[in-house]
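Okay, structure first, notes after.
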Amino acid sequence: MTSTHRHESDPDQDTRSTAQFWDDFYAEKDTVWSGKPNALLVRQVADLPPGTVLDLGCGEGGDAIWLAQRGWRVTAVDVSDVALRRGAAHAKEAGVADAIDWQRHDLATSLPEGTFDLVSAQFLHSPVAEEGERETVLRRALSAVAPGGILLIGSHAGWPSWVESPPFDHRFPTVREVVDALELPDGWTVDVAEVVETELPDPEGRPGRRPDSVVRVRRDA
């Protein structure tokens, strides 16, 4: 399972290991993502008091660095060593290196030890994941949430508005399916479960939008 996000390709055309797939993906360019935090994360977390946070699929560290700049103690996880090294370098440049612990994990097999006030899984989609793997990882992530803490899940809910012919057949999970797949035990509350529209320009920079879903569940204190 990748522990990164936001990349789509045809899963039937790739037989590389998860780590090799994502190392190759990041090695293709000096910078893949914008370095800005995910808008869904910002909207849901900006008013929370800082504490400890586990960033699942940290990529090049945009979310982790934003959180650290706001006083959070961050454990940032990805399967790609290339992405982790790049994120650590960006954190040093931003002056928050001491606030972020970068760890390599294949989320299909392991998570960092301990519990956290916030567990963030933003666009944890992988073209090389086994069927049902993402759902299993998100259920396991519940165990990493401290009492009173939050699991925040951002998911793609459809293709961008400017994609007229999808490059491959893909079924995006509905909000209800994301919530149901968590199989929440007693002692959890669904705070947010909705679809939002995110601004996403096309490759030529022309305006566009993408539907995304946000699910925020809270563990009782």
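Chain identifiers are assigned as A, B, and so on, following the order in which chains appear in the structure tokens; residues are numbered from 1 within each chain, and ligands are numbered from 1 in order of appearance.
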
TODO: Give me the residues within 9 Å of Val175 (chain A) as a PyMOL selection string, counting only C-alpha atoms and dropping any in the same chain fewer than 2 places off.
DONE: chain A and resi 155+157+173+177-180+193-195+213-215

With C-alpha atoms retained, write the just-selected residues as a JSON list (two decimals), in the first residue's frame.
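To be explicit, this is the file written out as again-v6.json:
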```
[["chain", "number", "residue", "atom", "x", "y", "z"],
["A", 155, "SER", "CA", -10.87, 11.23, -0.50],
["A", 157, "ALA", "CA", -15.04, 11.64, -5.03],
["A", 173, "PRO", "CA", -15.92, 5.74, -2.91],
["A", 177, "GLU", "CA", -18.94, 4.01, 1.85],
["A", 178, "VAL", "CA", -15.95, 5.70, 3.51],
["A", 179, "VAL", "CA", -17.82, 5.93, 6.82],
["A", 180, "ASP", "CA", -19.24, 2.41, 6.61],
["A", 193, "ALA", "CA", -19.25, 13.45, 6.33],
["A", 194, "GLU", "CA", -19.73, 15.50, 3.17],
["A", 195, "VAL", "CA", -18.67, 16.18, -0.40],
["A", 213, "SER", "CA", -15.16, 13.96, 0.29],
["A", 214, "VAL", "CA", -14.21, 14.71, 3.86],
["A", 215, "VAL", "CA", -14.91, 12.39, 6.80]]
```

Write out as a CSV table (one decimal) with N, CA, C and O atoms, in the first residue's frame all residues of region 125-172 of chain A that backbone DSSP assigns to helix (DSSP H, G or I).
```csv
chain,number,residue,atom,x,y,z
A,133,GLU,N,-7.5,-2.7,0.4
A,133,GLU,CA,-6.4,-2.4,1.2
A,133,GLU,C,-6.5,-1.0,1.9
A,133,GLU,O,-6.2,-0.9,3.1
A,134,ARG,N,-7.0,0.0,1.1
A,134,ARG,CA,-7.2,1.3,1.7
A,134,ARG,C,-8.1,1.3,2.9
A,134,ARG,O,-7.9,1.9,3.9
A,135,GLU,N,-9.2,0.6,2.7
A,135,GLU,CA,-10.2,0.5,3.8
A,135,GLU,C,-9.6,-0.2,5.1
A,135,GLU,O,-9.9,0.2,6.2
A,136,THR,N,-8.8,-1.2,4.8
A,136,THR,CA,-8.2,-1.9,6.0
A,136,THR,C,-7.2,-0.9,6.7
A,136,THR,O,-7.2,-0.9,7.9
A,137,VAL,N,-6.4,-0.2,6.0
A,137,VAL,CA,-5.5,0.8,6.5
A,137,VAL,C,-6.3,1.8,7.4
A,137,VAL,O,-5.9,2.1,8.5
A,138,LEU,N,-7.3,2.3,6.8
A,138,LEU,CA,-8.1,3.4,7.5
A,138,LEU,C,-8.7,2.8,8.8
A,138,LEU,O,-8.8,3.5,9.8
A,139,ARG,N,-9.2,1.5,8.8
A,139,ARG,CA,-9.7,1.0,10.0
A,139,ARG,C,-8.6,0.8,11.0
A,139,ARG,O,-8.8,1.1,12.2
A,140,ARG,N,-7.4,0.4,10.6
A,140,ARG,CA,-6.3,0.2,11.5
A,140,ARG,C,-5.9,1.6,12.1
A,140,ARG,O,-5.4,1.7,13.2
A,141,ALA,N,-6.1,2.6,11.3
A,141,ALA,CA,-5.7,4.0,11.8
A,141,ALA,C,-6.5,4.4,13.0
A,141,ALA,O,-6.1,5.3,13.7
A,142,LEU,N,-7.7,3.9,13.1
A,142,LEU,CA,-8.5,4.2,14.3
A,142,LEU,C,-7.8,3.9,15.6
A,142,LEU,O,-7.9,4.7,16.6
A,143,SER,N,-7.0,2.9,15.6
A,143,SER,CA,-6.2,2.5,16.8
A,143,SER,C,-5.1,3.5,17.2
A,143,SER,O,-4.6,3.5,18.3
A,144,ALA,N,-4.8,4.3,16.2
A,144,ALA,CA,-3.7,5.3,16.5
A,144,ALA,C,-4.3,6.6,17.0
A,144,ALA,O,-3.5,7.6,17.3
```

TODO: Find, counting only C-alpha atoms, the residue in A:Val53, A:Ala27, A:Val119, A:Ala39 that gets nearest to Val82 (chain A).
DONE: A:Ala27

With only C-alpha atoms as the counted atoms, please give the residues lying no more than 10 Å from Gln20 (chain A), apart from itself and same-chain residues fewer than 6 positions off, as a PDB file with N, CA and C atoms, in the first residue's frame.
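Dumped to out-v4.pdb:
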```pdb
ATOM      1  N   TYR A  26       8.335   9.704  -7.490  1.00  0.00           N
ATOM      2  CA  TYR A  26       8.920  10.950  -6.986  1.00  0.00           C
ATOM      3  C   TYR A  26      10.231  11.293  -7.678  1.00  0.00           C
ATOM      4  N   VAL A  79       5.806   5.615   2.297  1.00  0.00           N
ATOM      5  CA  VAL A  79       6.502   4.406   1.877  1.00  0.00           C
ATOM      6  C   VAL A  79       7.735   4.728   1.029  1.00  0.00           C
ATOM      7  N   SER A  80       7.809   5.955   0.504  1.00  0.00           N
ATOM      8  CA  SER A  80       8.883   6.345  -0.404  1.00  0.00           C
ATOM      9  C   SER A  80      10.021   7.048   0.326  1.00  0.00           C
ATOM     10  N   ASP A  81      11.212   6.470   0.279  1.00  0.00           N
ATOM     11  CA  ASP A  81      12.385   7.131   0.844  1.00  0.00           C
ATOM     12  C   ASP A  81      12.682   8.441   0.125  1.00  0.00           C
ATOM     13  N   VAL A  82      12.436   8.473  -1.179  1.00  0.00           N
ATOM     14  CA  VAL A  82      12.677   9.693  -1.948  1.00  0.00           C
ATOM     15  C   VAL A  82      11.797  10.830  -1.413  1.00  0.00           C
TER      16      VAL A  82
END
```

Task: Residue with smallest distance to Asp101 (chain A) - pool A:Cys58, A:Leu124, A:Leu118, A:Ala76, counting only C-alpha atoms - done: A:Ala76

Would you mind listing what lies within 8 Å of Pro50 (chain A) as a tab-separated table (two decimals) with N, CA and C atoms, in the first residue's frame, with only C-alpha atoms counted and same-chain residues fewer than 3 positions away left out?
```tsv
chain	number	residue	atom	x	y	z
A	70	ARG	N	2.33	25.44	12.90
A	70	ARG	CA	1.24	25.85	13.79
A	70	ARG	C	1.30	25.18	15.14
A	71	GLY	N	2.44	24.62	15.46
A	71	GLY	CA	2.69	24.11	16.80
A	71	GLY	C	2.44	22.63	17.01
A	72	TRP	N	2.04	21.91	15.97
A	72	TRP	CA	1.83	20.48	16.11
A	72	TRP	C	3.16	19.73	16.14
A	73	ARG	N	3.18	18.63	16.90
A	73	ARG	CA	4.30	17.69	16.85
A	73	ARG	C	3.91	16.58	15.89
```

Task: Who sits within 7 Å of Ala97 (chain A), only C-alpha atoms, same chain under 5 positions skipped, as a list of chain:residue names - done: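 Here the answer would be A:Ala88, A:Ala91, A:Lys92.
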
Task: Counting only C-alpha atoms, the residue of A:Ala68, A:Leu41, A:Ala221, A:Leu107 that sits nearest Leu56 (chain A) - done: A:Leu107

TODO: Could you tell me how far CA of Ile100 (chain A) lies from CA of Ala64 (chain A), in Å and to one decimal?
DONE: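 Atom-to-atom, CA of Ile100 (chain A) and CA of Ala64 (chain A) are spaced 7.2 Å apart.
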
Open item on the list: Between CA of Thr198 (chain A) and CA of Trp66 (chain A), what is the distance in Å, rounded to a tenth?
Closed with: 18.8 Å

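Each of A:Asp169, A:Glu183, A:Asp212, A:Asp30 was compared to Val196 (chain A) using only C-alpha atoms, and A:Asp212 turns out to be the nearest.
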
TODO: Just the strand (DSSP E) stuff from chain A, please, per backbone DSSP, written as a VMD selection string.
DONE: chain A and resid 52 to 56 73 to 78 100 to 104 116 to 122 145 to 156 188 to 199 209 to 219

Atoms kept (C-alpha atoms) for selection, written as a PDB file, in the first residue's frame:
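Saved file out22.pdb follows:
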```pdb
ATOM      1  CA  THR A  52       0.365  15.388  18.264  1.00  0.00           C
ATOM      2  CA  VAL A  53      -0.492  14.369  14.716  1.00  0.00           C
ATOM      3  CA  LEU A  54       0.172  11.362  12.509  1.00  0.00           C
ATOM      4  CA  ASP A  55       0.301  12.289   8.812  1.00  0.00           C
ATOM      5  CA  LEU A  56      -0.358   9.149   6.758  1.00  0.00           C
ATOM      6  CA  ARG A  73       4.297  17.688  16.854  1.00  0.00           C
ATOM      7  CA  VAL A  74       4.194  15.680  13.654  1.00  0.00           C
ATOM      8  CA  THR A  75       4.971  12.078  12.808  1.00  0.00           C
ATOM      9  CA  ALA A  76       5.080  12.022   8.999  1.00  0.00           C
ATOM     10  CA  VAL A  77       4.856   8.646   7.256  1.00  0.00           C
ATOM     11  CA  ASP A  78       5.402   7.551   3.684  1.00  0.00           C
ATOM     12  CA  ILE A 100       8.659  16.479  12.527  1.00  0.00           C
ATOM     13  CA  ASP A 101       9.628  12.811  12.856  1.00  0.00           C
ATOM     14  CA  TRP A 102       9.885  11.290   9.357  1.00  0.00           C
ATOM     15  CA  GLN A 103       9.241   7.542   9.261  1.00  0.00           C
ATOM     16  CA  ARG A 104       9.088   5.043   6.415  1.00  0.00           C
ATOM     17  CA  PHE A 116      -2.094  10.843  18.405  1.00  0.00           C
ATOM     18  CA  ASP A 117      -4.526  13.720  18.899  1.00  0.00           C
ATOM     19  CA  LEU A 118      -5.042  13.830  15.130  1.00  0.00           C
ATOM     20  CA  VAL A 119      -4.542  11.181  12.468  1.00  0.00           C
ATOM     21  CA  SER A 120      -4.693  12.642   8.962  1.00  0.00           C
ATOM     22  CA  ALA A 121      -5.180  10.534   5.831  1.00  0.00           C
ATOM     23  CA  GLN A 122      -5.428  12.906   2.898  1.00  0.00           C
ATOM     24  CA  VAL A 145      -6.221   7.956  17.611  1.00  0.00           C
ATOM     25  CA  ALA A 146      -5.906   8.995  21.251  1.00  0.00           C
ATOM     26  CA  PRO A 147      -9.014   9.398  23.452  1.00  0.00           C
ATOM     27  CA  GLY A 148     -10.691  12.640  22.433  1.00  0.00           C
ATOM     28  CA  GLY A 149      -8.751  12.634  19.171  1.00  0.00           C
ATOM     29  CA  ILE A 150      -9.764  12.814  15.517  1.00  0.00           C
ATOM     30  CA  LEU A 151      -9.298  10.746  12.376  1.00  0.00           C
ATOM     31  CA  LEU A 152      -9.582  12.993   9.314  1.00  0.00           C
ATOM     32  CA  ILE A 153      -9.971  11.361   5.899  1.00  0.00           C
ATOM     33  CA  GLY A 154      -9.895  13.229   2.596  1.00  0.00           C
ATOM     34  CA  SER A 155     -10.868  11.229  -0.499  1.00  0.00           C
ATOM     35  CA  HIS A 156     -11.349  11.918  -4.170  1.00  0.00           C
ATOM     36  CA  TRP A 188     -16.862   7.103  18.151  1.00  0.00           C
ATOM     37  CA  THR A 189     -18.819  10.014  16.664  1.00  0.00           C
ATOM     38  CA  VAL A 190     -19.022  11.137  13.026  1.00  0.00           C
ATOM     39  CA  ASP A 191     -18.467  14.909  13.137  1.00  0.00           C
ATOM     40  CA  VAL A 192     -18.309  15.547   9.375  1.00  0.00           C
ATOM     41  CA  ALA A 193     -19.246  13.453   6.331  1.00  0.00           C
ATOM     42  CA  GLU A 194     -19.731  15.505   3.173  1.00  0.00           C
ATOM     43  CA  VAL A 195     -18.666  16.176  -0.398  1.00  0.00           C
ATOM     44  CA  VAL A 196     -16.949  19.466  -1.186  1.00  0.00           C
ATOM     45  CA  GLU A 197     -15.770  21.072  -4.420  1.00  0.00           C
ATOM     46  CA  THR A 198     -12.066  21.860  -4.605  1.00  0.00           C
ATOM     47  CA  GLU A 199     -10.517  24.278  -7.075  1.00  0.00           C
ATOM     48  CA  ARG A 209     -12.982  21.820  -9.980  1.00  0.00           C
ATOM     49  CA  ARG A 210     -12.833  18.384  -8.413  1.00  0.00           C
ATOM     50  CA  PRO A 211     -15.307  16.736  -6.035  1.00  0.00           C
ATOM     51  CA  ASP A 212     -13.702  15.482  -2.837  1.00  0.00           C
ATOM     52  CA  SER A 213     -15.162  13.963   0.291  1.00  0.00           C
ATOM     53  CA  VAL A 214     -14.212  14.711   3.864  1.00  0.00           C
ATOM     54  CA  VAL A 215     -14.913  12.389   6.796  1.00  0.00           C
ATOM     55  CA  ARG A 216     -14.019  13.420  10.321  1.00  0.00           C
ATOM     56  CA  VAL A 217     -14.626  11.008  13.172  1.00  0.00           C
ATOM     57  CA  ARG A 218     -13.891  11.614  16.837  1.00  0.00           C
ATOM     58  CA  ARG A 219     -13.008   9.144  19.553  1.00  0.00           C
TER      59      ARG A 219
END
```
